[in-house]
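Below you'll find the structure, written out as structure tokens, and then a few comments.
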Number of protein chains: 4
Amino acid sequence: MTLLELIEHEQKPFQTRTMKANVFRAPGQFGLEEKAIPPAGPGEAVIKVKLTTICGTDVHIIRGEYPVRPGLTIGHEAVGVIHELGPGVTGYEPGQRVLVGAITPCGQCELCLAGHLAQCGGPMGGWRLGNTWDGVQAEYFRVPFAQANLTVIPDDLADEEVILLADIASTGFSAAESGRVRLGDTVAVFAQGPIGLCATLGAKLMGASHIFAVDADRGRLQIAREFGATVTLLSEEDPVKKILELTGGAGVDVSIEALGLQTTFENALRVLAPGGTLSSVGVYSGHLQVPLEGIHAGLGDQTIVTTLCPGGKERMRRLMRLVETHRINLRPLLTHTFSLEEIAQAYQLFESRAQGVLKVAIRVP
Amino acid sequence: MTLLELIEHEQKPFQTRTMKANVFRAPGQFGLEEKAIPPAGPGEAVIKVKLTTICGTDVHIIRGEYPVRPGLTIGHEAVGVIHELGPGVTGYEPGQRVLVGAITPCGQCELCLAGHLAQCGGPMGGWRLGNTWDGVQAEYFRVPFAQANLTVIPDDLADEEVILLADIASTGFSAAESGRVRLGDTVAVFAQGPIGLCATLGAKLMGASHIFAVDADRGRLQIAREFGATVTLLSEEDPVKKILELTGGAGVDVSIEALGLQTTFENALRVLAPGGTLSSVGVYSGHLQVPLEGIHAGLGDQTIVTTLCPGGKERMRRLMRLVETHRINLRPLLTHTFSLEEIAQAYQLFESRAQGVLKVAIRVP
Amino acid sequence: MTLLELIEHEQKPFQTRTMKANVFRAPGQFGLEEKAIPPAGPGEAVIKVKLTTICGTDVHIIRGEYPVRPGLTIGHEAVGVIHELGPGVTGYEPGQRVLVGAITPCGQCELCLAGHLAQCGGPMGGWRLGNTWDGVQAEYFRVPFAQANLTVIPDDLADEEVILLADIASTGFSAAESGRVRLGDTVAVFAQGPIGLCATLGAKLMGASHIFAVDADRGRLQIAREFGATVTLLSEEDPVKKILELTGGAGVDVSIEALGLQTTFENALRVLAPGGTLSSVGVYSGHLQVPLEGIHAGLGDQTIVTTLCPGGKERMRRLMRLVETHRINLRPLLTHTFSLEEIAQAYQLFESRAQGVLKVAIRVP
Amino acid sequence: MTLLELIEHEQKPFQTRTMKANVFRAPGQFGLEEKAIPPAGPGEAVIKVKLTTICGTDVHIIRGEYPVRPGLTIGHEAVGVIHELGPGVTGYEPGQRVLVGAITPCGQCELCLAGHLAQCGGPMGGWRLGNTWDGVQAEYFRVPFAQANLTVIPDDLADEEVILLADIASTGFSAAESGRVRLGDTVAVFAQGPIGLCATLGAKLMGASHIFAVDADRGRLQIAREFGATVTLLSEEDPVKKILELTGGAGVDVSIEALGLQTTFENALRVLAPGGTLSSVGVYSGHLQVPLEGIHAGLGDQTIVTTLCPGGKERMRRLMRLVETHRINLRPLLTHTFSLEEIAQAYQLFESRAQGVLKVAIRVP
């Protein structure tokens with residue numbers, strides 16, 4: 001960058017233009033506001049959003065159940081086009097279509113260098129967008145550590161085919177990965193929301209044999225079957241008893257908790273074989289009790305592992321290859337489409353769980 | 001076991017009956033002979049064979065390329081029925097239909113207890129059947145360490161659906177497993193014989209994205225596509241160059257050698273990305289040279305791992321679950337069927353590689 | 001085995017001789033009784049005991065806190081001499097001095113073949129001696145699956161040097177192993193009883209840097225220092241706060257729970273860094289609550305792993321090599337010596353925790 | 001950074017000052033030259049060197065055996081003081097004393113994000129200093145990706161205590177780590193130069209039992225003993241035969257190659273147990289042949305793994321904790337001290353292997 005370029009770069013803020021962004025104001029209050037389009041600082045990029053979506057966590061935020069600062073733009077899943085590149089970001093150019101993961105690690109702190117990318121800088125520190133930084137439910141957003149977090153999308157892949165890799169699929173698959181599912185393993189997945197469905201798909205992708213999918217909603221169980229479940233069980237019909245019966249009392253090799261409730265956690269543990277792994281991707285609140293018979297008083301050689309959505313461009317690139325090669329098709333999860341202007345309606349539908357909604361696509365013109 | 005039972009058991013050898021067995025006599029010489037049906041010693045079982053097959057290793061044996069003692073019954077893949085159980089074998093009963101893996105670990109020596117089941121007692125020691133013990137191309141055979149090596153087959157699975165788990169599938173899949181294929185990994189598989197095809201399938205089962213299958217035979221490449229290959233390449237058309245091109249110069253995450261030749265080993269290394277793993281299931285003879293540029297003079301953070309067919313009833317049970325849940329269908333690999341009486345013809349066809357033969361089913365009446 | 005030998009073998013029970021054994025009668029009631037010396041069945045061995053010891057679990061048993069059947073001989077740690085070998089046990093001979101682990105896996109069931117030796121046959125199933133089988137606080141005891149569980153002791157190692165490998169050291173070291181301590185890791189160990197001290201030693205052996213040892217007893221903290229702790233902290237002086245301070249707020253890479261209480265579990269979690277592992281070898285009773293801030297609501301990429309004492313002769317042999325090479329010296333843990341006749345006194349002292357007792361050696365003449 | 005700061009930053013190059021640097025000119029030709037002190041670009045730092053050393057690789061470079069561009073400053077191990085920080089580097093300040101690893105990963109490319117830090121950007125790409133960038137045998141040097149590569153040294157640690165972590169110790173320890181040495185494993189280490197000695201130390205640190213150290217030099221074997229070897233063997237006295245004898249024919253669990261020759265590689269393989277791992281940190285040239293009996297024709301379930309020096313500030317920080325806690329003392333490896341002015345003499349001594357030289361400390365005033 002020459003001196004002139006640097007000067008120009010610094011002057012940009014003075015020519016601020018504005019954009020629409022979905023902003024959290026107070027518990028129960030949120031909506032579109034005009035905000036300045038952010039500039040790209042050193043190592044950053046600004047993305048013009050094409051497609052975004054709503055996550056269960058966003059709902060917790062607008063309800064005030066997960067605290068963020070008032071004035072924050074919400075959202076952490078986006079496909080867009082590079083609008084501006086800050087100093088030091090190389091190998092990219094404006095106009096490229098990119099996916100940005102929900103988790104944006106720096107890659108250079110001790111936790112990142114140790115491989116804990118989602119814990120960048122400290123607990124959960126890799127989750128910046130829509131949490132500690134302005135998020136992506138907007139016309140533009142700023143990407144921290146852009147060098148590590150911009151994944152160029154091949155031309156032949158549609159926005160809708162890749163957007164769910166940013167969070168839902170990366171998290172859901174990681175449930176199976178952290179559970180270290182091996183060829184022929186038996187797996188139980190508790191809850192079949194978007195993340196649970198991706199956990200079911202992840203277990204299948206990794207070579208599980210019997211996959212027991214549990215949910216309270218028959219519609220979601222139907223989709224679970226399409227995503228790889230070999231047996232589907234309604235939550236109300238004692239799934240623990242049934243899974244133990246169907247495994248001849250042995251229990252499952254890997255048990256996945258994809259909701260964050262005491263009941264699902266407890267059930268996941270009660271069906272776990274000795275030597276097995278409970279892989280948890282739920283977000284818990286209130287109390288969490290460990291049933292001692294589920295862990296054989298601490299003598300069952302079992303593992304409980306928690307995982308926050310893996311991010312970074314290598315993760316996104318790796319998952320994108322699964323789309324490229326038609327190993328996965330996540331489009332069926334995007335059940336409804338709205339424009340950014342209609343985002344309030346989109347939240348309403350998503351919260352209601354009506355009309356068989358799973359994920360909503362929000363188009364940004 | 002009561003004293004009377006013990007006495008009866010000991011007397012059995014005096015009432016010897018005979019059976020037909022395919023015996024190695026000398027390099028180039030083999031064929032059916034009458035042999036005594038073996039008795040089941042302590043911890044052993046005798047199986048009445050229903051279905052067996054021929055392995056490439058058997059061909060090496062009859063040619064004298066792999067040395068065994070003259071008089072040995074050949075063969076190590078079998079489905080049959082329990083004919084007799086020796087003292088100390090519990091939880092089974094005569095008449096049950098079982099699969100016995102090619103590798104029959106004791107489970108109780110230091111190497112087994114350390115998890116190296118195929119190296120039971122010493123290098124390659126887990127491979128007994130058709131190697132150091134009489135094998136399974138016979139009407140009956142004796143299973144060492146039966147408690148660890150009898151896998152009951154569920155009634156709804158046909159013999160033909162499970163027999164290839166004994167060696168081909170267990171070995172082929174292990175190529176992907178030892179290569180630690182992760183979701184979205186790129187994989188190259190060199191050679192698409194029965195084991196290579198199962199390696200291709202194993203890579204797909206574990207969630208690979210791009211799978212490059214290489215072979216000299218167009219027919220096998222066609223099957224490779226059905227087994228999960230996303231790109232097929234003829235050996236003669238510089239597959240190393242093509243794989244490097246198709247991966248943008250990066251090379252593959254996991255490279256599988258499924259033949260045992262200098263060329264395939266070398267190619268597998270030359271397409272391997274830094275940090276990647278070459279997983280070898282070939283059997284080598286003569287010289288094996290490591291191309292130094294393929295390992296970046298020893299500085300590429302790469303791994304070369306060799307694997308002998310994993311065995312034992314837990315392995316067989318685990319893979320059988322993949323058949324049960326229709327994750328895999330190995331029947332297409334059994335291209336021809338013969339009776340035990342026709343075993344000479346079966347060898348002839350198998351060696352010739354004519355008629356698109358992959359594996360031959362040998363029915364024992 | 002010839003027919004005559006088999007007949008002799010079967011007749012042995014008719015020539016029964018008796019021995020002394022420490023028997024559980026009812027909660028609070030136990031003591032020496034005359035029992036028949038057991039015969040060695042197929043695959044079994046009978047050991048003449050030379051040295052045994054008392055474990056915290058034995059105390060739970062005699063108090064009725066851990067239920068076993070009345071009439072059971074207690075104890076699971078023993079060095080002795082092979083008295084008799086049952087049919088099928090090979091490679092050993094009477095008179096050899098052996099160590100038998102507390103956990104005696106069969107090596108041949110699905111769980112064993114999958115590597116979960118302590119879960120042999122089902123949850124905690126590998127723990128037979130002094131639990132579901134007669135134990136070792138006796139003049140003789142019977143070893144199940146002897147082929148997998150007899151470890152010959154080299155002549156130059158004293159009984160006292162190896163007996164604690166049977167349980168205390170195998171369990172304590174496994175706390176560090178299951179925690180996957182890496183070179184330079186920081187480790188906290190909660191509770192410095194015999195197992196906690198071995199966990200501290202295990203962490204040091206595996207290359208930990210800072211090791212924070214916590215206990216309520218200053219004497220035990222002093223020994224913890226000798227076993228590798230770099231910092232010792234009294235339970236009453238807010239060890240969580242201190243460990244967080246001493247790690248600059250980062251917490252530790254591996255946190256070990258070696259007691260089985262809510263407090264120690266909770267503390268172990270509260271000092272755990274994101275991405276870290278809590279390795280638990282305590283036995284829990286009552287309730288177990290997970291503090292949600294300790295696991296960052298399930299988003300901390302953390303692992304909780306439980307381990308039951310690893311057993312089998314390979315494990316014993318491996319640990320014995322650490323004694324052979326003077327990497328470890330466990331003798332200081334054997335603080336007092338009694339004869340079998342004095343076992344009641346030995347229990348009394350062990351329970352009282354008086355006189356700085358850690359483990360008691362019980363000599364069997 | 002304000003606009004004014006940016007302008008100042010850009011103008012700095014115009015006020016160039018010079019420094020002394022040890023420069024490669026042509027094979028066999030090198031020496032001190034005057035060079036401009038480099039400026040710190042975005043994300044970079046400039047370090048004023050206090051202490052550096054010579055590596056075997058540097059000798060290969062000056063001999064022309066490892067090709068670098070003429071004019072390059074040599075050297076990749078340094079302790080120094082932060083002289084200047086480029087834009088975007090945060091959390092540091094000039095004057096801090098730091099260690100910089102030989103390998104300087106960016107942390108943000110796909111290979112780094114996948115955990116292959118030494119392969120940053122491509123094969124061996126993490127090795128920049130003294131290879132593709134000007135190195136550290138100079139008064140000042142520039143650190144790429146400083147955010148990921150500056151490790152502040154605690155005041156109470158001397159330069160001499162930490163400098164060898166940059167390469168020798170990180171590489172040597174990684175030999176044991178990549179070999180996955182477990183508690184009680186037997187290990188053989190072929191060659192006891194500085195890296196081999198650190199591999200021996202690494203094996204001990206990770207809990208190996210018997211460690212067989214092999215070298216042609218009795219002096220180095222003596223130090224090997226102090227670093228943890230339990231048995232030392234002269235290269236000329238058939239170490240393969242002796243190691244097999246001493247392990248009762250079993251071979252070792254982990255075999256380390258720390259030189260890069262056909263003989264040592266081959267020996268390392270010939271003593272390797274089935275199921276074992278050969279961990280290689282040597283740099284190979286010419287031919288590399290795999291002895292087929294050493295790998296049991298490809299059926300021994302063995303692993304060969306190569307590792308390039310792990311770098312990055314997390315690695316350096318982790319190893320530094322081993323110095324802090326007195327787990328390691330690397331000072332004995334620094335056998336001689338020179339000033340930068342005397343660097344030619346330092347090379348001469350280092351190449352000669354005379355006077356028991358292991359590593360030379362080069363002080364930069």
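We label chains A, B, ... in the order they appear in the structure tokens, count residues from 1 in each chain, and number ligands from 1 in the order shown.
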Determine which residues of chain B sit within 12 Å of chain A, taking into account only C-alpha atoms, and present them as a PyMOL selection string. chain B and resi 169-170+173-174+176-178+180-187+201-212+228-231+247+253+314-328
Excluding C:Asp134 and residues on its chain fewer than 5 positions from it, collect all residues at most 12 Å away from it, counting only C-alpha atoms, and give them as a ChimeraX atom specification. /C:21-24,35-38,46,68-76,127-129,139-144
Going by DSSP on the backbone, which residues of stretch 126-340 of chain B come out as strand (DSSP E)? List them as a PyMOL selection string. chain B and resi 140-143+151-152+187-190+211-215+231-234+252-257+272-280+303-306+334-339
File of the preceding selection, N, CA and C atoms, as a CSV table (one decimal), in the first residue's frame:
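Result file result24.csv:
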chain,number,residue,atom,x,y,z
B,140,TYR,N,-14.8,-78.0,6.5
B,140,TYR,CA,-14.8,-77.6,7.9
B,140,TYR,C,-13.4,-76.9,8.2
B,141,PHE,N,-13.4,-76.1,9.2
B,141,PHE,CA,-12.2,-75.5,9.7
B,141,PHE,C,-12.3,-75.2,11.2
B,142,ARG,N,-11.1,-75.1,11.8
B,142,ARG,CA,-11.0,-74.9,13.2
B,142,ARG,C,-10.7,-73.4,13.4
B,143,VAL,N,-11.4,-72.8,14.3
B,143,VAL,CA,-11.2,-71.4,14.7
B,143,VAL,C,-10.4,-71.2,15.9
B,151,THR,N,-18.6,-64.4,15.0
B,151,THR,CA,-19.6,-63.4,15.0
B,151,THR,C,-20.9,-64.0,14.4
B,152,VAL,N,-21.9,-64.0,15.3
B,152,VAL,CA,-23.2,-64.5,14.8
B,152,VAL,C,-23.8,-63.6,13.8
B,187,VAL,N,-9.1,-37.3,-1.1
B,187,VAL,CA,-8.5,-38.6,-1.0
B,187,VAL,C,-8.1,-39.2,-2.3
B,188,ALA,N,-7.0,-39.8,-2.5
B,188,ALA,CA,-6.6,-40.5,-3.7
B,188,ALA,C,-6.5,-42.0,-3.3
B,189,VAL,N,-7.0,-42.8,-4.2
B,189,VAL,CA,-6.9,-44.3,-3.9
B,189,VAL,C,-6.2,-44.9,-5.1
B,190,PHE,N,-5.0,-45.4,-4.9
B,190,PHE,CA,-4.2,-46.0,-6.0
B,190,PHE,C,-4.5,-47.5,-6.1
B,211,ILE,N,-12.8,-37.8,-4.2
B,211,ILE,CA,-12.1,-39.1,-4.1
B,211,ILE,C,-11.6,-39.4,-5.5
B,212,PHE,N,-10.3,-39.4,-5.7
B,212,PHE,CA,-9.6,-39.7,-6.9
B,212,PHE,C,-9.2,-41.2,-7.0
B,213,ALA,N,-9.9,-42.0,-7.9
B,213,ALA,CA,-9.6,-43.4,-7.9
B,213,ALA,C,-8.8,-43.7,-9.2
B,214,VAL,N,-7.7,-44.4,-9.0
B,214,VAL,CA,-6.7,-44.7,-10.1
B,214,VAL,C,-6.6,-46.2,-10.3
B,215,ASP,N,-6.7,-46.6,-11.6
B,215,ASP,CA,-6.5,-48.0,-11.9
B,215,ASP,C,-6.2,-48.1,-13.4
B,231,VAL,N,-13.7,-38.7,-9.1
B,231,VAL,CA,-12.9,-38.6,-10.3
B,231,VAL,C,-12.2,-39.9,-10.5
B,232,THR,N,-12.2,-40.5,-11.7
B,232,THR,CA,-11.5,-41.7,-12.0
B,232,THR,C,-10.4,-41.4,-13.0
B,233,LEU,N,-9.2,-42.0,-12.8
B,233,LEU,CA,-8.1,-41.7,-13.6
B,233,LEU,C,-7.4,-43.0,-14.0
B,234,LEU,N,-7.0,-43.1,-15.3
B,234,LEU,CA,-6.3,-44.3,-15.7
B,234,LEU,C,-4.8,-44.2,-15.3
B,252,VAL,N,-3.5,-34.1,-2.0
B,252,VAL,CA,-4.6,-34.7,-1.2
B,252,VAL,C,-4.3,-34.8,0.3
B,253,ASP,N,-5.3,-34.8,1.1
B,253,ASP,CA,-5.2,-35.0,2.5
B,253,ASP,C,-4.8,-36.4,2.9
B,254,VAL,N,-5.4,-37.4,2.2
B,254,VAL,CA,-5.1,-38.8,2.4
B,254,VAL,C,-4.9,-39.5,1.1
B,255,SER,N,-3.8,-40.3,1.1
B,255,SER,CA,-3.5,-41.0,-0.1
B,255,SER,C,-3.4,-42.5,0.2
B,256,ILE,N,-4.1,-43.3,-0.5
B,256,ILE,CA,-4.2,-44.7,-0.2
B,256,ILE,C,-3.5,-45.6,-1.2
B,257,GLU,N,-2.6,-46.5,-0.7
B,257,GLU,CA,-1.9,-47.4,-1.6
B,257,GLU,C,-2.6,-48.8,-1.3
B,272,LEU,N,0.6,-36.4,-2.2
B,272,LEU,CA,0.2,-36.2,-0.8
B,272,LEU,C,0.5,-34.7,-0.3
B,273,ALA,N,-0.5,-34.1,0.2
B,273,ALA,CA,-0.3,-32.7,0.7
B,273,ALA,C,0.7,-32.7,1.9
B,274,PRO,N,1.3,-31.6,2.2
B,274,PRO,CA,2.1,-31.5,3.5
B,274,PRO,C,1.1,-31.7,4.6
B,275,GLY,N,1.5,-32.4,5.6
B,275,GLY,CA,0.6,-32.7,6.8
B,275,GLY,C,-0.3,-33.8,6.5
B,276,GLY,N,-0.2,-34.4,5.3
B,276,GLY,CA,-1.2,-35.5,5.0
B,276,GLY,C,-0.7,-36.9,5.4
B,277,THR,N,-1.5,-37.9,5.1
B,277,THR,CA,-1.2,-39.2,5.5
B,277,THR,C,-1.3,-40.2,4.3
B,278,LEU,N,-0.3,-41.0,4.1
B,278,LEU,CA,-0.3,-42.1,3.1
B,278,LEU,C,-0.7,-43.3,3.9
B,279,SER,N,-1.8,-43.9,3.6
B,279,SER,CA,-2.3,-45.1,4.2
B,279,SER,C,-2.1,-46.3,3.3
B,280,SER,N,-1.3,-47.2,3.7
B,280,SER,CA,-0.9,-48.3,2.8
B,280,SER,C,-1.5,-49.7,3.3
B,303,THR,N,2.6,-38.5,7.3
B,303,THR,CA,2.6,-39.8,8.0
B,303,THR,C,2.4,-40.9,7.0
B,304,ILE,N,3.1,-42.0,7.1
B,304,ILE,CA,2.9,-43.2,6.3
B,304,ILE,C,2.5,-44.2,7.3
B,305,VAL,N,1.3,-44.9,7.1
B,305,VAL,CA,0.9,-45.8,8.0
B,305,VAL,C,0.5,-47.1,7.3
B,306,THR,N,0.9,-48.3,7.8
B,306,THR,CA,0.5,-49.5,7.2
B,306,THR,C,-0.5,-50.2,8.1
B,334,LEU,N,-18.9,-59.7,-5.7
B,334,LEU,CA,-18.9,-61.2,-5.9
B,334,LEU,C,-19.5,-61.4,-7.3
B,335,THR,N,-18.6,-61.4,-8.3
B,335,THR,CA,-19.0,-61.4,-9.7
B,335,THR,C,-19.3,-62.8,-10.2
B,336,HIS,N,-18.7,-63.8,-9.6
B,336,HIS,CA,-18.9,-65.2,-10.1
B,336,HIS,C,-19.1,-66.2,-8.9
B,337,THR,N,-19.8,-67.3,-9.2
B,337,THR,CA,-20.0,-68.3,-8.2
B,337,THR,C,-19.5,-69.7,-8.6
B,338,PHE,N,-18.9,-70.4,-7.8
B,338,PHE,CA,-18.4,-71.8,-8.0
B,338,PHE,C,-18.8,-72.7,-6.8
B,339,SER,N,-18.7,-74.0,-7.1
B,339,SER,CA,-18.8,-74.9,-5.9
B,339,SER,C,-17.4,-75.2,-5.5
Set the distance at 8 Å and use only C-alpha atoms: which residues neighbour A:Phe227 once local chain neighbours fewer than 3 positions away are removed? I'd like the list as an NGL selection string. :A and (197-198 or 200-201 or 204 or 223-224)
For C-alpha atoms, I'd like the residues from the last selection saved as a tab-separated table (two decimals), in the first residue's frame.
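Below is the file that was written, selection_9.tsv:
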chain	number	residue	atom	x	y	z
A	197	LEU	CA	-30.52	-32.59	11.85
A	198	CYS	CA	-27.00	-31.65	10.80
A	200	THR	CA	-27.69	-36.69	12.28
A	201	LEU	CA	-26.31	-35.99	8.83
A	204	LYS	CA	-24.18	-40.60	8.67
A	223	ILE	CA	-36.61	-34.98	7.75
A	224	ALA	CA	-34.23	-36.76	10.14
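Rounded to one decimal, atom CA of C:Arg17 and atom CA of C:Glu84 lie 13.5 Å from each other.
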Pull the helix (DSSP H, G or I) assignments for stretch 274-333 of chain B out of DSSP run on the backbone, and list those residues as a count of residues only. 22
Enter the distance from atom CA of A:Pro239 to atom CA of A:His287, in Å, rounded to one decimal.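 Straight-line distance from atom CA of A:Pro239 to atom CA of A:His287 works out to 22.2 Å.
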Long-range neighbours of B:Leu288 as a list in words, 10 Å cut-off, only C-alpha atoms, 4 positions minimum in chain: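 Everything that qualifies: Gly260, Leu261, Gln262, Thr263, Phe265, Glu266 and Tyr284 of chain B; Leu288, Gln289, Val290, Pro291, Leu292 and Ala297 of chain D.
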Could you dump the residues just selected with N, CA and C atoms as a compact mmCIF listing (two decimals), in the first residue's frame?
# COMPACT_ATOMS: atom_id res chain seq x y z
N GLY B 260 0.66 -52.49 -3.48
CA GLY B 260 1.93 -53.03 -3.02
C GLY B 260 3.04 -52.95 -4.05
N LEU B 261 2.98 -51.94 -4.91
CA LEU B 261 4.05 -51.77 -5.90
C LEU B 261 4.79 -50.46 -5.67
N GLN B 262 6.04 -50.42 -6.16
CA GLN B 262 6.83 -49.20 -6.06
C GLN B 262 6.09 -48.03 -6.72
N THR B 263 5.53 -48.27 -7.91
CA THR B 263 4.90 -47.17 -8.64
C THR B 263 3.71 -46.58 -7.89
N PHE B 265 3.02 -46.82 -4.71
CA PHE B 265 3.48 -46.20 -3.47
C PHE B 265 4.05 -44.81 -3.76
N GLU B 266 4.86 -44.75 -4.78
CA GLU B 266 5.52 -43.49 -5.14
C GLU B 266 4.49 -42.45 -5.59
N TYR B 284 4.12 -55.54 -0.04
CA TYR B 284 5.26 -55.20 -0.89
C TYR B 284 6.24 -56.35 -1.00
N LEU D 288 16.43 -42.96 -0.28
CA LEU D 288 15.91 -43.50 0.98
C LEU D 288 15.14 -44.77 0.66
N GLN D 289 15.69 -45.87 1.17
CA GLN D 289 15.14 -47.20 0.89
C GLN D 289 14.43 -47.69 2.16
N VAL D 290 13.30 -48.34 1.97
CA VAL D 290 12.60 -48.94 3.11
C VAL D 290 12.91 -50.44 3.13
N PRO D 291 13.56 -50.92 4.19
CA PRO D 291 13.82 -52.37 4.25
C PRO D 291 12.50 -53.09 4.51
N LEU D 292 12.11 -53.96 3.57
CA LEU D 292 10.77 -54.56 3.66
C LEU D 292 10.58 -55.43 4.89
N ALA D 297 6.72 -56.41 5.18
CA ALA D 297 6.12 -56.37 3.85
C ALA D 297 4.91 -55.43 3.76
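Using only C-alpha atoms, the shortest contact distance between C:Leu221 and any of C:Ile168, C:Gly356, C:Leu269, C:Thr18 is found at C:Gly356.
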Please list as a VMD selection string every residue within 8 Å of stretch 49-62 of chain A, counting only C-alpha atoms and excluding residues in the same chain fewer than 6 positions away. chain A and resid 24 26 to 30 68 74 to 75 77 to 81 136 to 141 159 to 160 163 347 350 to 351 359 to 365
